[in-house]
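Participant: Coordinates in input06.tsv, TSV, C-alpha atoms and all ligand atoms, are listed below.
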chain	number	residue	atom	x	y	z
A	627	MET	CA	-10.76	1.34	17.10
A	628	ILE	CA	-9.05	-1.03	14.66
A	629	LEU	CA	-5.40	-0.69	13.70
A	630	VAL	CA	-4.61	-1.61	10.10
A	631	THR	CA	-0.85	-2.00	9.58
A	632	GLY	CA	0.01	-1.50	5.92
A	633	GLY	CA	-3.39	0.16	5.56
A	634	ALA	CA	-2.18	2.57	2.86
A	635	GLY	CA	-1.49	-0.37	0.52
A	636	TYR	CA	-3.64	-2.19	-2.02
A	637	ILE	CA	-5.58	-4.56	0.25
A	638	GLY	CA	-5.30	-2.28	3.29
A	639	SER	CA	-7.08	0.67	1.72
A	640	HIS	CA	-9.98	-1.62	0.69
A	641	ILE	CA	-10.12	-3.04	4.22
A	642	CYS	CA	-10.24	0.51	5.64
A	643	LEU	CA	-13.23	1.24	3.39
A	644	GLU	CA	-15.06	-1.87	4.64
A	645	LEU	CA	-14.21	-1.12	8.26
A	646	LEU	CA	-15.49	2.46	8.03
A	647	ASN	CA	-18.65	1.26	6.26
A	648	ALA	CA	-19.17	-1.24	9.08
A	649	GLY	CA	-18.99	1.63	11.60
A	650	HIS	CA	-15.48	1.04	13.02
A	651	ALA	CA	-12.97	3.77	13.79
A	652	VAL	CA	-9.68	3.09	11.99
A	653	VAL	CA	-6.03	4.00	12.51
A	654	VAL	CA	-3.47	3.12	9.83
A	655	PHE	CA	0.24	2.55	10.49
A	656	ASP	CA	2.31	2.50	7.30
A	657	ASN	CA	5.83	3.56	6.26
A	658	LEU	CA	4.60	4.24	2.70
A	659	VAL	CA	7.35	2.10	1.13
A	660	ASN	CA	4.62	0.76	-1.16
A	661	GLY	CA	1.54	2.63	0.06
A	662	ASN	CA	-0.07	5.94	-0.71
A	663	VAL	CA	-1.83	8.35	1.63
A	664	GLU	CA	-3.93	9.50	-1.32
A	665	ALA	CA	-5.69	6.11	-1.30
A	666	LEU	CA	-6.73	6.76	2.31
A	667	ARG	CA	-7.91	10.30	1.51
A	668	ARG	CA	-10.11	8.82	-1.26
A	669	VAL	CA	-11.55	6.25	1.15
A	670	GLU	CA	-12.30	9.07	3.59
A	671	ALA	CA	-14.05	11.00	0.80
A	672	ILE	CA	-16.17	7.95	-0.15
A	673	CYS	CA	-17.21	7.22	3.46
A	674	GLY	CA	-17.33	10.80	4.73
A	675	ARG	CA	-15.39	9.66	7.81
A	676	PRO	CA	-11.77	10.21	8.87
A	677	ILE	CA	-8.94	7.67	9.06
A	678	ALA	CA	-6.22	8.36	11.61
A	679	PHE	CA	-2.81	7.87	10.01
A	680	GLN	CA	0.63	7.37	11.51
A	681	ASN	CA	3.62	7.27	9.19
A	682	GLY	CA	5.91	4.75	10.85
A	683	ASP	CA	8.05	1.68	10.28
A	684	LEU	CA	7.40	-1.57	12.13
A	685	ARG	CA	11.14	-2.15	12.31
A	686	ASP	CA	11.20	0.75	14.81
A	687	PRO	CA	9.65	-0.64	18.01
A	688	SER	CA	9.18	2.80	19.59
A	689	ALA	CA	7.00	3.97	16.67
A	690	ILE	CA	4.45	1.17	17.06
A	691	GLU	CA	4.60	1.36	20.89
A	692	ARG	CA	3.74	5.06	20.60
A	693	LEU	CA	0.72	4.32	18.43
A	694	PHE	CA	-0.75	2.01	21.08
A	695	SER	CA	-0.25	4.70	23.73
A	696	GLU	CA	-1.99	7.32	21.57
A	697	TYR	CA	-5.01	5.38	20.20
A	698	PRO	CA	-7.57	3.10	21.92
A	699	VAL	CA	-6.84	0.08	19.70
A	700	GLU	CA	-9.03	-2.99	20.33
A	701	ALA	CA	-7.98	-5.18	17.39
A	702	VAL	CA	-5.30	-5.28	14.70
A	703	ILE	CA	-5.33	-6.32	11.05
A	704	HIS	CA	-1.68	-6.88	10.13
A	705	LEU	CA	-0.94	-6.39	6.44
A	706	ALA	CA	2.33	-4.44	6.51
A	707	GLY	CA	5.08	-6.27	4.73
A	708	LEU	CA	7.17	-6.63	1.60
A	709	LYS	CA	5.50	-9.01	-0.83
A	710	SER	CA	7.51	-9.71	-3.98
A	711	VAL	CA	8.78	-13.27	-4.38
A	712	GLU	CA	11.44	-12.24	-6.93
A	713	ASP	CA	12.65	-9.31	-4.84
A	714	SER	CA	12.83	-11.57	-1.76
A	715	VAL	CA	15.15	-13.95	-3.61
A	716	ARG	CA	17.45	-11.01	-4.44
A	717	ARG	CA	17.22	-9.39	-0.97
A	718	PRO	CA	16.37	-12.11	1.56
A	719	LEU	CA	17.72	-10.27	4.60
A	720	SER	CA	15.52	-7.23	3.87
A	721	TYR	CA	12.47	-9.50	3.81
A	722	PHE	CA	13.29	-11.28	7.08
A	723	ASP	CA	14.17	-7.94	8.65
A	724	ASN	CA	11.03	-6.18	7.46
A	725	ASN	CA	8.40	-8.92	7.73
A	726	VAL	CA	9.55	-11.09	10.63
A	727	LYS	CA	11.09	-8.37	12.80
A	728	GLY	CA	8.15	-6.08	12.00
A	729	ALA	CA	5.64	-8.73	13.09
A	730	LEU	CA	7.58	-9.37	16.32
A	731	HIS	CA	7.61	-5.68	17.19
A	732	LEU	CA	3.88	-5.49	16.53
A	733	LEU	CA	3.15	-8.54	18.71
A	734	LEU	CA	5.30	-7.21	21.55
A	735	ALA	CA	3.61	-3.79	21.36
A	736	MET	CA	0.19	-5.50	21.38
A	737	GLU	CA	1.17	-7.54	24.41
A	738	ASN	CA	2.40	-4.45	26.27
A	739	ALA	CA	-0.84	-2.64	25.42
A	740	GLY	CA	-3.04	-5.62	26.37
A	741	VAL	CA	-4.45	-5.91	22.83
A	742	ARG	CA	-5.17	-9.56	21.97
A	743	LYS	CA	-7.18	-9.60	18.74
A	744	LEU	CA	-5.19	-9.98	15.54
A	745	VAL	CA	-5.88	-10.95	11.95
A	746	PHE	CA	-2.65	-11.69	10.07
A	747	SER	CA	-2.37	-11.60	6.29
A	748	SER	CA	-0.40	-14.67	5.45
A	749	SER	CA	0.01	-16.00	1.94
A	750	ALA	CA	-0.58	-19.14	-0.10
A	751	THR	CA	3.17	-19.05	-0.77
A	752	VAL	CA	3.53	-20.93	2.55
A	753	TYR	CA	2.39	-24.04	0.63
A	754	GLY	CA	5.31	-23.90	-1.82
A	755	GLU	CA	4.71	-26.33	-4.69
A	756	PRO	CA	1.23	-27.72	-3.99
A	757	GLU	CA	0.88	-31.51	-3.96
A	758	ALA	CA	-2.70	-31.22	-5.26
A	759	LEU	CA	-5.00	-28.52	-6.57
A	760	PRO	CA	-7.22	-26.89	-5.49
A	761	LEU	CA	-5.31	-26.21	-2.29
A	762	SER	CA	-7.02	-26.96	0.98
A	763	GLU	CA	-6.30	-25.14	4.23
A	764	SER	CA	-4.78	-28.31	5.69
A	765	ALA	CA	-2.41	-28.97	2.76
A	766	ARG	CA	1.23	-29.52	3.72
A	767	THR	CA	3.20	-26.26	3.96
A	768	GLY	CA	6.75	-25.79	2.70
A	769	ALA	CA	7.62	-22.36	1.38
A	770	THR	CA	10.16	-22.32	-1.44
A	771	ASN	CA	11.30	-18.70	-1.35
A	772	PRO	CA	12.31	-16.10	1.29
A	773	TYR	CA	9.01	-14.16	1.05
A	774	GLY	CA	6.98	-17.32	1.70
A	775	ARG	CA	9.32	-18.31	4.51
A	776	THR	CA	8.77	-14.95	6.26
A	777	LYS	CA	5.00	-15.65	6.26
A	778	TRP	CA	5.57	-19.24	7.39
A	779	MET	CA	7.80	-18.05	10.25
A	780	ILE	CA	5.23	-15.50	11.39
A	781	GLU	CA	2.52	-18.20	11.32
A	782	HIS	CA	4.73	-20.34	13.58
A	783	ILE	CA	5.34	-17.42	15.95
A	784	LEU	CA	1.56	-16.97	16.21
A	785	GLN	CA	1.02	-20.69	16.77
A	786	ASP	CA	3.57	-20.65	19.61
A	787	VAL	CA	1.84	-17.63	21.16
A	788	VAL	CA	-1.45	-19.57	21.09
A	789	LYS	CA	0.24	-22.69	22.53
A	790	ALA	CA	1.55	-20.62	25.44
A	791	ASP	CA	-1.92	-19.16	26.06
A	792	PRO	CA	-4.65	-21.31	24.46
A	793	SER	CA	-7.30	-18.74	25.43
A	794	ARG	CA	-5.94	-16.64	22.57
A	795	SER	CA	-7.05	-19.17	19.99
A	796	PHE	CA	-10.79	-18.69	20.39
A	797	SER	CA	-12.92	-16.62	22.72
A	798	ASP	CA	-16.64	-16.18	23.29
A	799	HIS	CA	-16.42	-13.41	20.69
A	800	GLY	CA	-14.63	-15.44	17.99
A	801	PRO	CA	-10.99	-15.99	17.14
A	802	VAL	CA	-8.45	-13.87	18.98
A	803	LEU	CA	-5.59	-14.74	16.66
A	804	CYS	CA	-6.43	-15.56	13.08
A	805	GLN	CA	-4.35	-15.94	9.92
A	806	VAL	CA	-5.60	-15.71	6.35
A	807	ARG	CA	-3.52	-17.31	3.59
A	808	MET	CA	-4.28	-15.13	0.60
A	809	LEU	CA	-3.88	-16.24	-2.99
A	810	ASN	CA	-2.76	-13.71	-5.56
A	811	GLU	CA	-4.35	-15.69	-8.39
A	812	SER	CA	-7.64	-14.50	-6.96
A	813	PRO	CA	-7.95	-11.35	-9.12
A	814	LEU	CA	-8.99	-13.75	-11.93
A	815	ILE	CA	-12.43	-13.23	-10.42
A	816	PRO	CA	-13.62	-9.92	-11.85
A	817	ASP	CA	-14.60	-6.79	-9.92
A	818	PHE	CA	-12.53	-7.62	-6.85
A	819	GLU	CA	-15.33	-9.85	-5.55
A	820	TRP	CA	-12.66	-12.09	-3.98
A	821	LEU	CA	-11.23	-9.12	-2.13
A	822	GLU	CA	-14.61	-8.07	-0.78
A	823	ARG	CA	-15.29	-11.63	0.38
A	824	MET	CA	-11.88	-11.88	2.02
A	825	ILE	CA	-12.28	-8.48	3.67
A	826	SER	CA	-15.69	-9.33	5.11
A	827	GLU	CA	-14.19	-12.54	6.54
A	828	GLU	CA	-11.26	-10.61	8.03
A	829	THR	CA	-13.46	-7.89	9.50
A	830	ARG	CA	-15.84	-10.46	11.01
A	831	ALA	CA	-12.86	-12.06	12.72
A	832	ALA	CA	-11.61	-8.69	13.96
B	901	LIG	N1	-1.95	-8.76	-2.94
B	901	LIG	C1	-2.03	-10.08	-2.88
B	901	LIG	O1	-2.56	-10.75	-3.80
B	901	LIG	C2	-1.52	-10.82	-1.65
B	901	LIG	C3	-1.49	-12.23	-1.67
B	901	LIG	C4	-1.03	-12.91	-0.54
B	901	LIG	C5	-0.63	-12.20	0.60
B	901	LIG	N2	-0.65	-10.83	0.58
B	901	LIG	C6	-0.18	-10.12	1.79
B	901	LIG	O2	-1.15	-9.15	2.17
B	901	LIG	C7	-0.51	-7.99	2.67
B	901	LIG	C8	-1.00	-6.76	1.93
B	901	LIG	O3	-0.76	-6.95	0.54
B	901	LIG	P1	-0.95	-5.77	-0.51
B	901	LIG	O4	-1.10	-6.39	-1.83
B	901	LIG	O5	-1.96	-4.79	-0.02
B	901	LIG	O6	0.52	-5.13	-0.41
B	901	LIG	P2	0.95	-3.59	-0.46
B	901	LIG	O7	2.41	-3.56	-0.73
B	901	LIG	O8	0.05	-2.82	-1.36
B	901	LIG	O9	0.67	-3.14	1.05
B	901	LIG	C9	1.58	-3.38	2.09
B	901	LIG	C10	1.73	-2.08	2.86
B	901	LIG	O10	2.66	-2.30	3.94
B	901	LIG	C11	3.49	-1.16	4.06
B	901	LIG	N3	4.72	-1.61	4.73
B	901	LIG	C12	5.64	-2.50	4.27
B	901	LIG	N4	6.61	-2.67	5.18
B	901	LIG	C13	6.29	-1.89	6.25
B	901	LIG	C14	6.91	-1.63	7.50
B	901	LIG	N5	8.08	-2.19	7.86
B	901	LIG	N6	6.31	-0.77	8.37
B	901	LIG	C15	5.13	-0.18	8.03
B	901	LIG	N7	4.51	-0.37	6.84
B	901	LIG	C16	5.08	-1.22	5.97
B	901	LIG	C17	3.69	-0.67	2.63
B	901	LIG	O11	4.02	0.70	2.54
B	901	LIG	C18	2.30	-0.95	2.00
B	901	LIG	O12	1.45	0.17	2.10
B	901	LIG	C19	1.00	-8.22	2.54
B	901	LIG	O13	1.49	-8.63	3.80
B	901	LIG	C20	1.11	-9.34	1.53
B	901	LIG	O14	2.25	-10.14	1.78
B	901	LIG	C21	-1.08	-10.14	-0.52
Please express the file's structure as structure tokens.
Ligand SMILES: NC(=O)c1ccc[n+]([C@@H]2O[C@H](COP(=O)([O-])OP(=O)(O)OC[C@H]3O[C@@H](n4cnc5c(N)ncnc54)[C@H](O)[C@@H]3O)[C@@H](O)[C@H]2O)c1

Facilitator:
Amino acid sequence: MILVTGGAGYIGSHICLELLNAGHAVVVFDNLVNGNVEALRRVEAICGRPIAFQNGDLRDPSAIERLFSEYPVEAVIHLAGLKSVEDSVRRPLSYFDNNVKGALHLLLAMENAGVRKLVFSSSATVYGEPEALPLSESARTGATNPYGRTKWMIEHILQDVVKADPSRSFSDHGPVLCQVRMLNESPLIPDFEWLERMISEETRAA
């Protein structure tokens, strides 16, 4: 079973659709601050298969710990987070609290449950002002706003986890920890083709 945090949101609900179509069982953990259970009900109707849903907040460690004790989770796609650059400039502490603390609680719950596979939705905001376009994966990072810095911090937490246990970087079955830096300019490509491509890459990694 795959846990999708933030699965009731925009990208999450599309990922749930792809996961169900690929034959996976799915559980969503979302506090609905910007998500909608109706999106999940529609995905269930399209696929004719159920999505388990737990309404919970990643800032509450007991809520995510409970999920791992109740569902046989094998891999996690972590999308839950606040995502507005402008809002993050106005409310930086809320962003660090929600995104960084939330990711830490998730990682600790995964460790306690022995779940090692994670795909993390990072963001191209970690690059700040790009030195050259188009951006390449190896371009220098340097976030210029609190939202981008939350993603950058989580990336560094993940890199330290891999440094402490290099077997988490890659396994015989593919990456164990993987981060995807998404670009929100991508909707310029019509029909959400970019999203489908990104989702199939994320689900392959999971
Ligand atoms: N949409 C984009 O173009 C884009 C670009 C780059 C990165 N991202 C990242 O991808 C992820 C998903 O983006 P999206 O566009 O689907 O956003 P979204 O706001 O639609 O989805 C995020 C979901 O996370 C939930 N959530 C937020 N904080 C939570 C918490 N503490 N506990 C539990 N649930 C929580 C929200 O209710 C929402 O359903 C985000 O992390 C975002 O930063 C998105």

Participant: Report the closest atom pair, with its distance in Å rounded to one decimal, for each residue of chain A that has an atom no farther than 8 Å from ligand LIG 901 (chain B); count all atoms listed in the file, sort by chain and then rising residue number, and write it as a Markdown table.

Facilitator:
| residue | atom | partner | partner_atom | distance |
| --- | --- | --- | --- | --- |
| A:Thr631 | CA | B:LIG901 | N7 | 6.2 |
| A:Gly632 | CA | B:LIG901 | O10 | 3.4 |
| A:Gly633 | CA | B:LIG901 | O12 | 5.9 |
| A:Ala634 | CA | B:LIG901 | O12 | 4.4 |
| A:Gly635 | CA | B:LIG901 | O12 | 3.4 |
| A:Tyr636 | CA | B:LIG901 | O5 | 3.7 |
| A:Ile637 | CA | B:LIG901 | O5 | 3.6 |
| A:Gly638 | CA | B:LIG901 | O5 | 5.3 |
| A:Ser639 | CA | B:LIG901 | O5 | 7.7 |
| A:Phe655 | CA | B:LIG901 | C15 | 6.1 |
| A:Asp656 | CA | B:LIG901 | N7 | 3.6 |
| A:Asn657 | CA | B:LIG901 | N7 | 4.2 |
| A:Leu658 | CA | B:LIG901 | O11 | 3.6 |
| A:Val659 | CA | B:LIG901 | O11 | 3.9 |
| A:Asn660 | CA | B:LIG901 | O11 | 3.7 |
| A:Gly661 | CA | B:LIG901 | O12 | 3.2 |
| A:Asn662 | CA | B:LIG901 | O12 | 6.6 |
| A:Asn681 | CA | B:LIG901 | C15 | 7.7 |
| A:Gly682 | CA | B:LIG901 | C15 | 5.7 |
| A:Asp683 | CA | B:LIG901 | N6 | 3.6 |
| A:Leu684 | CA | B:LIG901 | N6 | 4.0 |
| A:Arg685 | CA | B:LIG901 | N5 | 5.4 |
| A:His704 | CA | B:LIG901 | O13 | 7.3 |
| A:Leu705 | CA | B:LIG901 | C7 | 4.1 |
| A:Ala706 | CA | B:LIG901 | O10 | 3.4 |
| A:Gly707 | CA | B:LIG901 | C12 | 3.8 |
| A:Leu708 | CA | B:LIG901 | C12 | 5.2 |
| A:Lys709 | CA | B:LIG901 | O14 | 4.3 |
| A:Ser710 | CA | B:LIG901 | O14 | 7.8 |
| A:Asn724 | CA | B:LIG901 | N5 | 5.0 |
| A:Asn725 | CA | B:LIG901 | N5 | 6.7 |
| A:Gly728 | CA | B:LIG901 | N5 | 5.7 |
| A:Ser747 | CA | B:LIG901 | O2 | 4.9 |
| A:Ser748 | CA | B:LIG901 | C5 | 5.4 |
| A:Ser749 | CA | B:LIG901 | C5 | 4.1 |
| A:Ala750 | CA | B:LIG901 | C4 | 6.3 |
| A:Thr751 | CA | B:LIG901 | C4 | 7.4 |
| A:Tyr773 | CA | B:LIG901 | O14 | 7.9 |
| A:Lys777 | CA | B:LIG901 | O14 | 7.6 |
| A:Arg807 | CA | B:LIG901 | C4 | 6.5 |
| A:Met808 | CA | B:LIG901 | C4 | 4.1 |
| A:Leu809 | CA | B:LIG901 | C3 | 4.9 |
| A:Asn810 | CA | B:LIG901 | O1 | 3.4 |
| A:Glu811 | CA | B:LIG901 | O1 | 7.0 |
| A:Ser812 | CA | B:LIG901 | O1 | 7.1 |
| A:Pro813 | CA | B:LIG901 | O1 | 7.6 |

Participant: For a test of reading the model, state the distance in Å between atom CA of Leu666 of chain A and atom CA of Val654 of chain A, rounded to one decimal.

Facilitator: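 Rounded to one decimal, the two atoms are 9.0 Å apart.
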
Participant: Give the padded box for segment 781-793 of chain A as lines of an AutoDock Vina configuration file: axis-aligned, covering all atoms listed in the file, 3 Å on each side, centre and edge lengths in Å to one decimal.

Facilitator:
center_x = -1.0
center_y = -19.8
center_z = 18.7
size_x = 18.6
size_y = 11.7
size_z = 20.7

Participant: Hey, can you check how far atom CA of Tyr721 of chain A sits from atom CA of Glu691 of chain A?

Facilitator: 21.7 Å

Participant: Report, in Å to a single decimal, how far apart atom CA of Gly674 of chain A and atom CA of Val702 of chain A are.

Facilitator: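 Going from atom CA of Val702 of chain A over to atom CA of Gly674 of chain A covers 22.4 Å.
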
Participant: When distances are computed from all atoms listed in the file, which of A:Leu693, A:Val663, A:Ile628, A:Leu733 shows the smallest separation from Ala648 of chain A?

Facilitator: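 Looking at the shortest contact to Ala648 of chain A, the residue is A:Ile628.
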
Participant: Near Glu712 of chain A, within 9 Å and counting all atoms listed in the file, which residues show up once chain neighbours fewer than 4 positions away are dropped, as a ChimeraX atom specification?

Facilitator: /A:716-717,771,773

Participant: Excluding same-chain residues fewer than 4 positions from Thr767 of chain A, what lies within 9 Å of it counting all atoms listed in the file, as a ChimeraX atom specification?

Facilitator: /A:751-756,778

Participant: Would you please work out which residue, of A:Pro760, A:Gly768, A:Pro698, A:Gly774, is nearest to Ala739 of chain A when using all atoms listed in the file?

Facilitator: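 Result for the nearest residue to Ala739 of chain A: A:Pro698.
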
Participant: In terms of the shortest atom-to-atom distance over only C-alpha atoms, which of A:Ala790, A:Thr776, A:Glu763, A:Leu645 is closest to Phe722 of chain A?

Facilitator: A:Thr776

Participant: Check the smallest atom-to-atom distance from each of A:Arg742, A:Glu664, A:Val699, A:Ala758 to Ser793 of chain A using only C-alpha atoms, then report the winner.

Facilitator: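 For Ser793 of chain A, the nearest of the candidates is A:Arg742.
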
Participant: Rank A:Pro792, A:Lys743, A:Ile672, A:Asp723 by their smallest atom-to-atom distance to Met627 of chain A, using only C-alpha atoms, and report the top residue only.

Facilitator: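 Closest to Met627 of chain A of all the choices is A:Lys743.
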